[in-house]
Structures are given as C-alpha cells and as structure tokens.
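The data block below is work_23.txt; it holds compact mmCIF, C-alpha atoms.
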# COMPACT_ATOMS: atom_id res chain seq x y z
CA MET Y 1 -4.92 11.69 24.47
CA VAL Y 2 -6.39 9.09 22.13
CA THR Y 3 -8.99 6.73 23.59
CA VAL Y 4 -8.07 3.06 23.32
CA LEU Y 5 -10.99 0.61 23.28
CA TYR Y 6 -10.81 -2.92 24.67
CA GLU Y 7 -12.98 -6.02 25.05
CA LYS Y 8 -15.12 -4.41 27.74
CA ASP Y 9 -16.11 -1.67 25.28
CA ALA Y 10 -17.38 -4.03 22.57
CA ASP Y 11 -20.97 -5.28 22.34
CA ASN Y 12 -20.79 -8.73 20.76
CA SER Y 13 -24.53 -8.75 20.13
CA LYS Y 14 -23.95 -6.26 17.29
CA ILE Y 15 -22.40 -9.01 15.17
CA ALA Y 16 -23.77 -12.17 16.79
CA ASP Y 17 -26.89 -12.26 14.62
CA ARG Y 18 -25.27 -10.99 11.39
CA LYS Y 19 -24.26 -13.04 8.36
CA VAL Y 20 -20.74 -12.11 7.34
CA ALA Y 21 -19.16 -12.60 3.92
CA ILE Y 22 -15.36 -12.41 3.68
CA LEU Y 23 -14.42 -11.63 0.08
CA GLY Y 24 -10.88 -12.86 -0.53
CA TYR Y 25 -8.76 -15.42 1.28
CA GLY Y 26 -5.30 -13.87 1.22
CA SER Y 27 -3.23 -12.65 4.16
CA GLN Y 28 -6.04 -10.75 5.90
CA GLY Y 29 -8.93 -12.76 4.47
CA HIS Y 30 -7.92 -16.12 5.88
CA ALA Y 31 -7.21 -14.63 9.31
CA HIS Y 32 -10.48 -12.71 9.53
CA ALA Y 33 -12.56 -15.66 8.33
CA LEU Y 34 -11.03 -18.18 10.73
CA ASN Y 35 -11.02 -15.85 13.73
CA LEU Y 36 -14.63 -14.86 13.12
CA LYS Y 37 -15.68 -18.50 12.79
CA GLU Y 38 -13.95 -19.44 16.03
CA SER Y 39 -15.58 -16.45 17.74
CA GLY Y 40 -18.99 -17.91 16.86
CA VAL Y 41 -19.81 -15.58 13.96
CA ASP Y 42 -21.81 -16.89 10.98
CA VAL Y 43 -19.19 -16.50 8.24
CA ARG Y 44 -18.77 -17.57 4.64
CA VAL Y 45 -15.95 -16.91 2.14
CA GLY Y 46 -16.58 -15.52 -1.33
CA LEU Y 47 -14.00 -16.37 -3.99
CA ARG Y 48 -13.68 -16.05 -7.75
CA ASP Y 49 -14.20 -19.11 -9.93
CA GLY Y 50 -10.96 -21.02 -10.26
CA SER Y 51 -9.31 -19.38 -7.28
CA ALA Y 52 -6.52 -21.48 -5.79
CA SER Y 53 -7.80 -20.48 -2.36
CA VAL Y 54 -11.09 -22.38 -2.71
CA ALA Y 55 -9.56 -25.68 -1.59
CA LYS Y 56 -7.59 -24.01 1.22
CA ALA Y 57 -10.64 -22.30 2.66
CA ALA Y 58 -12.73 -25.45 2.38
CA GLU Y 59 -10.02 -27.53 4.04
CA ALA Y 60 -10.05 -25.03 6.91
CA GLY Y 61 -13.72 -25.86 7.48
CA LEU Y 62 -15.15 -22.66 6.03
CA SER Y 63 -18.23 -22.34 3.84
CA VAL Y 64 -16.97 -21.33 0.38
CA MET Y 65 -19.04 -19.94 -2.48
CA SER Y 66 -18.93 -17.45 -5.35
CA ILE Y 67 -18.49 -13.77 -4.51
CA ALA Y 68 -21.97 -12.94 -5.77
CA LYS Y 69 -23.62 -15.68 -3.73
CA ALA Y 70 -21.70 -14.67 -0.61
CA ALA Y 71 -22.72 -11.03 -1.07
CA ALA Y 72 -26.35 -11.99 -1.64
CA GLU Y 73 -26.44 -14.29 1.37
CA ALA Y 74 -24.73 -11.96 3.86
CA ASP Y 75 -25.70 -8.65 5.43
CA VAL Y 76 -22.10 -7.73 6.34
CA ILE Y 77 -19.77 -7.84 3.32
CA VAL Y 78 -16.05 -7.46 4.01
CA MET Y 79 -13.84 -6.37 1.10
CA LEU Y 80 -10.48 -8.10 1.62
CA LEU Y 81 -9.47 -8.34 -2.04
CA PRO Y 82 -6.48 -6.48 -3.55
CA ASP Y 83 -7.04 -2.70 -3.67
CA THR Y 84 -6.81 -2.58 -7.46
CA GLU Y 85 -9.49 -5.27 -7.92
CA GLN Y 86 -12.06 -4.19 -5.36
CA ALA Y 87 -13.97 -1.60 -7.42
CA ASP Y 88 -14.58 -3.87 -10.42
CA ILE Y 89 -15.63 -6.79 -8.22
CA TYR Y 90 -17.84 -4.52 -6.14
CA ASP Y 91 -19.63 -3.18 -9.21
CA ALA Y 92 -20.18 -6.62 -10.76
CA HIS Y 93 -20.71 -8.93 -7.79
CA VAL Y 94 -21.54 -6.93 -4.66
CA ALA Y 95 -23.50 -3.77 -5.49
CA PRO Y 96 -26.45 -5.65 -7.08
CA TYR Y 97 -27.05 -7.52 -3.81
CA LEU Y 98 -26.80 -4.70 -1.26
CA ASN Y 99 -29.97 -4.04 0.70
CA SER Y 100 -31.03 -1.42 3.21
CA GLY Y 101 -29.44 -2.22 6.56
CA ASP Y 102 -26.47 -4.07 5.09
CA ALA Y 103 -22.92 -3.13 6.01
CA LEU Y 104 -19.86 -2.87 3.79
CA LEU Y 105 -16.57 -3.26 5.67
CA PHE Y 106 -12.97 -2.65 4.61
CA ALA Y 107 -9.55 -3.32 6.12
CA HIS Y 108 -7.96 -0.40 4.22
CA GLY Y 109 -9.44 2.94 3.22
CA PHE Y 110 -8.06 3.11 -0.33
CA ASN Y 111 -11.19 2.48 -2.39
CA VAL Y 112 -13.46 4.64 -0.26
CA ARG Y 113 -10.98 7.47 0.26
CA PHE Y 114 -10.37 7.82 -3.48
CA ASP Y 115 -14.03 7.38 -4.49
CA LEU Y 116 -13.52 4.11 -6.32
CA ILE Y 117 -16.38 2.53 -4.36
CA THR Y 118 -19.48 4.46 -3.29
CA ALA Y 119 -22.09 2.48 -1.40
CA PRO Y 120 -25.83 3.27 -1.46
CA ALA Y 121 -27.00 5.73 1.20
CA GLN Y 122 -28.91 3.05 3.11
CA VAL Y 123 -25.78 0.90 3.67
CA ASP Y 124 -23.29 1.26 6.53
CA VAL Y 125 -19.67 1.73 5.44
CA ALA Y 126 -17.00 1.07 8.07
CA MET Y 127 -13.42 -0.10 8.42
CA VAL Y 128 -11.58 -2.50 10.69
CA ALA Y 129 -7.85 -2.34 9.93
CA PRO Y 130 -5.50 -4.61 11.89
CA LYS Y 131 -2.07 -3.02 12.25
CA GLY Y 132 -0.23 -6.16 11.31
CA PRO Y 133 -0.13 -8.84 8.60
CA GLY Y 134 -2.75 -11.55 8.47
CA HIS Y 135 -0.52 -14.33 9.77
CA LEU Y 136 0.04 -12.25 12.92
CA VAL Y 137 -3.69 -11.57 13.28
CA ARG Y 138 -4.26 -15.31 13.16
CA ARG Y 139 -1.33 -16.39 15.32
CA THR Y 140 -1.95 -13.93 18.13
CA TYR Y 141 -5.65 -14.86 18.18
CA LEU Y 142 -4.74 -18.53 18.62
CA GLU Y 143 -2.36 -17.57 21.41
CA GLY Y 144 -5.12 -15.70 23.22
CA GLY Y 145 -3.93 -12.24 22.20
CA GLY Y 146 -4.56 -9.95 19.26
CA VAL Y 147 -3.25 -7.31 16.91
CA PRO Y 148 -4.23 -3.65 17.53
CA CYS Y 149 -6.88 -2.38 15.13
CA LEU Y 150 -8.07 0.91 13.73
CA ILE Y 151 -11.79 1.39 13.18
CA ALA Y 152 -13.57 4.09 11.20
CA VAL Y 153 -17.06 4.91 9.97
CA ASN Y 154 -17.58 6.55 6.59
CA GLN Y 155 -21.35 6.12 6.38
CA ASP Y 156 -23.64 5.41 9.34
CA ALA Y 157 -26.99 4.59 7.77
CA SER Y 158 -28.18 2.39 10.64
CA GLY Y 159 -26.81 4.41 13.54
CA ASN Y 160 -24.90 1.29 14.64
CA ALA Y 161 -21.94 1.28 12.23
CA ARG Y 162 -19.39 2.13 14.93
CA ASP Y 163 -20.70 -0.54 17.28
CA LEU Y 164 -20.64 -3.10 14.47
CA ALA Y 165 -17.04 -2.22 13.58
CA LEU Y 166 -15.97 -2.53 17.22
CA ALA Y 167 -17.78 -5.86 17.59
CA TYR Y 168 -16.08 -7.12 14.42
CA ALA Y 169 -12.68 -5.98 15.74
CA ASP Y 170 -13.44 -7.85 18.94
CA ALA Y 171 -14.33 -11.02 17.03
CA ILE Y 172 -10.99 -11.08 15.18
CA GLY Y 173 -9.05 -10.42 18.42
CA GLY Y 174 -8.32 -6.71 18.01
CA THR Y 175 -9.86 -5.56 21.30
CA ARG Y 176 -7.49 -7.83 23.19
CA ALA Y 177 -4.65 -5.54 22.09
CA GLY Y 178 -6.56 -2.27 21.73
CA VAL Y 179 -8.64 -0.43 19.15
CA ILE Y 180 -8.27 3.22 18.11
CA GLU Y 181 -10.84 5.24 16.19
CA THR Y 182 -9.74 7.06 13.05
CA THR Y 183 -11.14 8.07 9.65
CA PHE Y 184 -10.88 6.42 6.25
CA ALA Y 185 -8.75 9.33 5.03
CA GLU Y 186 -6.33 9.27 7.97
CA GLU Y 187 -5.84 5.50 7.85
CA CYS Y 188 -5.40 5.42 4.08
CA GLU Y 189 -3.07 8.42 3.76
CA THR Y 190 -0.83 7.48 6.70
CA ASP Y 191 -0.72 3.84 5.59
CA LEU Y 192 0.38 4.71 2.05
CA PHE Y 193 2.86 7.26 3.36
CA GLY Y 194 4.39 4.76 5.79
CA GLU Y 195 4.71 2.12 3.08
CA GLN Y 196 6.33 4.47 0.57
CA VAL Y 197 8.58 6.54 2.81
CA VAL Y 198 9.63 4.13 5.56
CA LEU Y 199 8.42 0.55 5.67
CA CYS Y 200 8.97 -0.45 2.06
CA GLY Y 201 10.17 2.27 -0.33
CA GLY Y 202 12.41 4.23 2.00
CA LEU Y 203 13.83 1.20 3.78
CA THR Y 204 14.61 -0.89 0.71
CA SER Y 205 16.21 2.07 -1.05
CA LEU Y 206 18.32 2.93 2.02
CA VAL Y 207 19.50 -0.66 2.45
CA THR Y 208 20.27 -1.09 -1.26
CA ALA Y 209 22.12 2.24 -1.53
CA ALA Y 210 24.23 1.44 1.55
CA PHE Y 211 25.02 -2.04 0.17
CA GLU Y 212 26.06 -0.55 -3.17
CA THR Y 213 28.22 2.09 -1.48
CA LEU Y 214 30.24 -0.53 0.40
CA CYS Y 215 30.58 -2.79 -2.65
CA GLU Y 216 31.70 0.11 -4.84
CA ALA Y 217 34.31 0.92 -2.21
CA GLY Y 218 35.76 -2.58 -2.58
CA TYR Y 219 34.28 -4.34 0.42
CA GLN Y 220 33.06 -7.92 0.08
CA PRO Y 221 29.35 -8.12 -0.89
CA GLU Y 222 28.76 -10.73 1.80
CA VAL Y 223 30.08 -8.43 4.52
CA ALA Y 224 28.10 -5.52 3.10
CA TYR Y 225 24.94 -7.66 3.17
CA PHE Y 226 25.39 -8.56 6.82
CA GLU Y 227 26.01 -4.95 7.83
CA CYS Y 228 23.29 -3.28 5.76
CA LEU Y 229 20.49 -5.85 5.66
CA HIS Y 230 20.91 -8.89 7.90
CA GLU Y 231 21.51 -6.97 11.14
CA LEU Y 232 18.54 -4.69 10.45
CA LYS Y 233 16.21 -7.19 12.14
CA LEU Y 234 18.04 -6.78 15.44
CA ILE Y 235 17.55 -3.01 15.37
CA VAL Y 236 13.93 -3.21 14.25
CA ASP Y 237 13.12 -5.75 16.97
CA LEU Y 238 14.69 -3.49 19.61
CA MET Y 239 12.70 -0.49 18.36
CA TYR Y 240 9.50 -2.58 18.23
CA GLU Y 241 9.99 -3.76 21.81
CA GLU Y 242 11.41 -0.64 23.48
CA GLY Y 243 11.10 2.29 21.09
CA ILE Y 244 13.98 4.31 19.65
CA GLY Y 245 15.29 5.20 23.11
CA GLY Y 246 15.30 1.57 24.18
CA MET Y 247 17.16 0.58 21.02
CA ARG Y 248 19.81 3.24 21.70
CA TYR Y 249 20.18 1.99 25.27
CA SER Y 250 20.84 -1.54 24.01
CA ILE Y 251 23.47 -0.78 21.37
CA SER Y 252 27.08 0.25 21.98
CA ASP Y 253 28.02 3.83 22.77
CA THR Y 254 29.93 3.94 19.50
CA ALA Y 255 26.85 2.88 17.54
CA GLU Y 256 24.66 5.34 19.44
CA TYR Y 257 27.04 8.24 18.81
CA GLY Y 258 27.13 7.36 15.11
CA ASP Y 259 23.32 7.27 15.13
CA LEU Y 260 22.93 10.64 16.85
CA SER Y 261 25.67 12.49 14.99
CA ARG Y 262 25.26 11.10 11.46
CA GLY Y 263 21.61 10.12 11.00
CA ASP Y 264 20.42 13.58 9.96
CA ARG Y 265 23.07 13.69 7.25
CA ILE Y 266 21.22 10.81 5.57
CA ILE Y 267 17.69 11.95 6.35
CA ASN Y 268 18.34 15.62 5.65
CA ALA Y 269 16.33 18.64 4.51
CA ASP Y 270 16.18 17.35 0.92
CA THR Y 271 14.85 14.00 2.13
CA ARG Y 272 12.21 15.67 4.28
CA ALA Y 273 11.14 17.85 1.34
CA GLU Y 274 10.72 14.75 -0.82
CA MET Y 275 8.66 13.13 1.95
CA LYS Y 276 6.30 16.11 1.84
CA LYS Y 277 5.99 15.77 -1.93
CA ILE Y 278 5.10 12.11 -1.58
CA LEU Y 279 2.51 12.91 1.08
CA ALA Y 280 1.01 15.58 -1.18
CA GLU Y 281 0.75 13.05 -4.04
CA ILE Y 282 -1.11 10.69 -1.72
CA GLN Y 283 -3.45 13.37 -0.37
CA SER Y 284 -4.32 14.72 -3.81
CA GLY Y 285 -5.11 11.27 -5.20
CA ALA Y 286 -2.28 11.46 -7.74
CA PHE Y 287 -0.66 8.28 -6.43
CA ALA Y 288 -3.97 6.40 -6.42
CA THR Y 289 -4.68 7.45 -10.01
CA GLU Y 290 -1.16 6.51 -11.10
CA TRP Y 291 -1.37 3.09 -9.44
CA MET Y 292 -4.83 2.27 -10.76
CA ASN Y 293 -3.80 3.29 -14.30
CA GLU Y 294 -0.64 1.19 -14.00
CA SER Y 295 -2.60 -1.83 -12.81
CA ARG Y 296 -5.39 -1.54 -15.37
CA GLY Y 297 -2.86 -0.96 -18.14
CA GLY Y 298 -1.07 -4.27 -17.63
CA ARG Y 299 1.53 -3.25 -15.01
CA ALA Y 300 4.44 -3.07 -17.48
CA ASN Y 301 6.37 -0.48 -15.47
CA PHE Y 302 5.61 -2.24 -12.18
CA LEU Y 303 6.80 -5.60 -13.52
CA ALA Y 304 9.98 -4.06 -14.98
CA MET Y 305 10.89 -2.41 -11.67
CA GLU Y 306 10.09 -5.62 -9.80
CA ALA Y 307 12.33 -7.64 -12.13
CA ASP Y 308 15.20 -5.17 -11.72
CA GLY Y 309 15.00 -5.56 -7.98
CA GLN Y 310 14.94 -9.33 -8.13
CA THR Y 311 18.15 -9.50 -10.16
CA HIS Y 312 20.13 -7.04 -8.01
CA LEU Y 313 23.39 -8.29 -6.47
CA ILE Y 314 21.98 -7.88 -2.96
CA GLU Y 315 19.37 -10.55 -3.76
CA GLN Y 316 21.95 -12.95 -5.16
CA VAL Y 317 24.25 -12.54 -2.17
CA GLY Y 318 21.34 -12.71 0.25
CA ALA Y 319 20.00 -15.96 -1.20
CA LYS Y 320 23.43 -17.58 -0.81
CA LEU Y 321 23.90 -16.38 2.77
CA ARG Y 322 20.38 -17.26 3.86
CA SER Y 323 20.91 -20.81 2.59
CA MET Y 324 23.69 -21.05 5.18
CA MET Y 325 21.23 -20.08 7.94
CA PRO Y 326 18.50 -22.76 7.93
CA TRP Y 327 16.82 -21.29 11.01
CA ILE Y 328 15.63 -18.36 8.87
CA ALA Y 329 13.79 -20.71 6.50
CA GLU Y 330 12.36 -22.62 9.47
CA GLY Y 331 10.90 -19.39 10.84
CA ARG Y 332 9.38 -18.53 7.46
CA GLN Y 333 7.81 -21.99 7.17
CA SER Y 334 6.23 -21.66 10.62
CA VAL Y 335 4.67 -18.35 9.57
CA GLN Y 336 3.31 -19.90 6.36
CA ALA Y 337 1.83 -22.78 8.34
CA VAL Y 338 -0.11 -20.34 10.50
CA SER Y 339 -1.18 -18.13 7.58
CA GLY Y 340 -2.15 -20.91 5.21
CA GLY Y 341 0.67 -19.92 2.90
CA GLN Y 342 -1.11 -16.78 1.74
CA SER Y 343 0.75 -13.70 0.64
Just give me the structure as structure tokens.
Amino acid sequence: MVTVLYEKDADNSKIADRKVAILGYGSQGHAHALNLKESGVDVRVGLRDGSASVAKAAEAGLSVMSIAKAAAEADVIVMLLPDTEQADIYDAHVAPYLNSGDALLFAHGFNVRFDLITAPAQVDVAMVAPKGPGHLVRRTYLEGGGVPCLIAVNQDASGNARDLALAYADAIGGTRAGVIETTFAEECETDLFGEQVVLCGGLTSLVTAAFETLCEAGYQPEVAYFECLHELKLIVDLMYEEGIGGMRYSISDTAEYGDLSRGDRIINADTRAEMKKILAEIQSGAFATEWMNESRGGRANFLAMEADGQTHLIEQVGAKLRSMMPWIAEGRQSVQAVSGGQS
C-alpha cells in the first residue's frame, strides 16, 4: 500500500527561512505564489520583460521582478514555465545564479526526465506536482482544503530535499488532501500517457468520432452534441465522486448494460496495442524529442491541427448550444476570477 502524507508529516521549518522564486504566473504559477505568500513563505515572482502577467501578479500583492533577479535573490527556484521554454530560460537566467545549497523545484518531470535541464551536483532537485489545475489549487486552499500532490526527489545534495518538497506541498495546501511520493520518471511518463490516451487525446477523439458517426447517419448535430459531449460531464462527475462502480450504480440499467456489453468493442485489442505504442514513445523520449522539435521549429503542424479542430462542426454546434445555457459561462467566469484568468 502506498503511504499518504498529511499535514502532521510536514516540517514547516524546512521552508520557513527559505527565499522562494516562482518563475511563471500561469495556471500553476499564480496558485503556488499566492498560496505560499498566504502561508507565510518569503516569495517573489520572476517574469519575462513585457509579460502580461506582471501587472496581474503585482495587483495580487506579490513582489515581481525579472527571472534572473528572482533566481539570484532566491535559494528555492520553482520552474512553472511552459515545458518547451524551461530549458532555454534555465540556461540563460537561472543556471548562472545557482549556488551550493540551493534547490530547483518543478511541478512536472518533463525537463528533468528527458535531460533537458541538468542542475549542478550541489543543488537539490525535487518536484511538487498538484494533481489538479491551478485554479483548483487556489480555490481549495482558500476554502481550507487542498489538491493532492505528488512529490519526488531527483537529486538530494543537501540531504533535506524530500523534507523541503513536503514542506512546500504543505504550504500550497497539498498536505490537507494528501501527498504521495513518486519519481520524476513515473510522474512524467504517466502524466503524458494520461493526457494523450485518456484525458485529452483519447477523449476528444472518441467524442468527435461519435459525434461524426451520428451526424453521418442523419441525426441532428445538436442532438448528437448533447449525447456525445454535453452529457459527458455528468458521467465524469459521477466517476470522480464515486468511481466507475458508483457511476454504474447511478445510471439506468439500460445504460449500464450498454456500458458493460459494448465498451470493449470500442476499446478493443487494437486500441490497447496502440496505447502500448504511445507509452513506448513516451518512455523512449521519442515524444519529447518530437514535441521539442515541433515547438522550436515554429509549431506549424501543431497550429494546423489546432486550427482544424477549432473549425470542426462540433465546435460550431457547441458554441451555439452553450450560448443558450448561460449558467455554463457563469461557471467559467467564476473559475477565471479565482485563477486570475490564467490558462
């Protein structure tokens, strides 16, 4: 059984006298910075010149400065920039200011797992990865709760890297929900796999293919949208709250029989084989190399695929139907208010 760590297991003194620099003020960055500040941690935010987030962070009462100054001033530097930008920014603005005893923290293992960033031997390298988006990390903290976190240590120069990671997780609210220890490789590989096979790639492809199948069969696109996309939230919420078994208990017998008798015709042996191929691409570093090359080469393929998705009929129909349901927009606006509007 995995050991789950809570507030009683964290030693706040491990971060109380540290100077923390949060690099980036996006979804995770804004949540970490604000939660740390309100937990009494000495925190500053490092941002690139001209960043639109400078005013937002300053308005939130945070100390804002250049990335280089933040890295030079702090002894705990937290990399919360986009994966594809971290290595270049690290080389130019962070590495020159690292000293013995400093700590380099991440919220995702990508750059360490695939050797894009290698810290000096005298620097601690650890990870604190909330298992939820930044707006949820912030909102639950304000409500007195937290989002579960994963922690990992890649390099323990000081002998205190694990304790520092746990104290940091505590300061952003993670120990209120529970913290699990992992490795950079396990977090990174499972995270990428989940995104590609289920949470994003698999789910959007399944929904779109089902929508297209109904439309091609002559059904109204609006009805197809409701059945294949809109009602998905109900099922996901049930699974989130009660697991797969609880979801099946809550739906009709007809729906449950269709689930049990037809699901493996969709997710079949061919699908499982493709999942294994995708996992192998992640483990070998092939996906990381492909994505970094795509990003550094101008993202032409990425932008073309993104544009194709945005012009699909399911998006046109969805926009029309969502405009008829103002409560959806109200919910989105409340999330943006908590998160500072960051994506």
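Atom CA of Ser323 of chain Y is positioned 26.6 Å from atom CA of Tyr240 of chain Y.
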Within 8 Å of Glu187 of chain Y using all atoms listed in the file, minus same-chain residues under 3 positions, as number ranges by chain: Y: 108-109, 150, 182-184, 190-191
Of the listed residues Y:Ala92, Y:Met79, Y:Met247, Y:Ile180, that which approaches Val147 of chain Y most closely, counting only C-alpha atoms: Y:Ile180
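Residue nearest Val317 of chain Y, chosen from Y:Glu274, Y:Arg299, Y:Trp291, Y:Val223 and counting only C-alpha atoms: Y:Val223.
For the pair atom CA of Ala157 of chain Y and atom CA of Ile117 of chain Y, the interatomic distance is 16.2 Å.
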d(atom CA of Arg265 of chain Y, atom CA of Glu281 of chain Y) in Å: 25.0 Å
Leu98 of chain Y environment, 10 Å, all atoms listed in the file, sequence neighbours closer than 3 positions dropped, as an MDAnalysis selection string: chainID Y and resid 71:77 93:95 101:104 119:120 122:123
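Nearest-residue note for Val2 of chain Y: choosing from Y:Gly318, Y:Val197, Y:Gly178, Y:Asp91, the minimum distance belongs to Y:Gly178, counting all atoms listed in the file.
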Contacts of Asn12 of chain Y at 12 Å (only C-alpha atoms; same-chain gap of 6+ positions) as number ranges by chain: Y: 18, 36, 39-41, 163-172, 175
Starting from the structure just given, write a file holding segment 50-61 of chain Y with N, CA, C and O atoms, as a compact mmCIF listing (two decimals), in the first residue's frame.
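Done, and the output landed in decode_28.txt:
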# COMPACT_ATOMS: atom_id res chain seq x y z
N GLY Y 50 8.03 42.43 -20.39
CA GLY Y 50 6.87 42.58 -21.26
C GLY Y 50 5.77 41.58 -21.02
O GLY Y 50 4.75 41.60 -21.72
N SER Y 51 5.93 40.70 -20.06
CA SER Y 51 4.90 39.71 -19.78
C SER Y 51 3.61 40.38 -19.33
O SER Y 51 3.62 41.30 -18.50
N ALA Y 52 2.49 39.91 -19.88
CA ALA Y 52 1.19 40.46 -19.49
C ALA Y 52 0.84 40.13 -18.05
O ALA Y 52 -0.06 40.73 -17.47
N SER Y 53 1.56 39.18 -17.47
CA SER Y 53 1.26 38.75 -16.10
C SER Y 53 1.89 39.65 -15.05
O SER Y 53 1.57 39.53 -13.86
N VAL Y 54 2.79 40.56 -15.45
CA VAL Y 54 3.46 41.42 -14.48
C VAL Y 54 2.44 42.22 -13.68
O VAL Y 54 2.48 42.26 -12.44
N ALA Y 55 1.51 42.86 -14.38
CA ALA Y 55 0.51 43.69 -13.70
C ALA Y 55 -0.39 42.83 -12.82
O ALA Y 55 -0.75 43.24 -11.70
N LYS Y 56 -0.76 41.64 -13.30
CA LYS Y 56 -1.65 40.77 -12.52
C LYS Y 56 -1.00 40.33 -11.23
O LYS Y 56 -1.63 40.33 -10.17
N ALA Y 57 0.27 39.94 -11.30
CA ALA Y 57 0.97 39.50 -10.10
C ALA Y 57 1.16 40.65 -9.13
O ALA Y 57 1.02 40.50 -7.91
N ALA Y 58 1.48 41.82 -9.65
CA ALA Y 58 1.67 42.99 -8.80
C ALA Y 58 0.36 43.40 -8.12
O ALA Y 58 0.34 43.73 -6.93
N GLU Y 59 -0.73 43.35 -8.88
CA GLU Y 59 -2.04 43.68 -8.33
C GLU Y 59 -2.45 42.71 -7.22
O GLU Y 59 -3.21 43.06 -6.32
N ALA Y 60 -1.93 41.48 -7.30
CA ALA Y 60 -2.24 40.48 -6.28
C ALA Y 60 -1.38 40.64 -5.03
O ALA Y 60 -1.49 39.88 -4.08
N GLY Y 61 -0.51 41.67 -5.03
CA GLY Y 61 0.31 41.96 -3.87
C GLY Y 61 1.62 41.21 -3.80
O GLY Y 61 2.26 41.15 -2.75
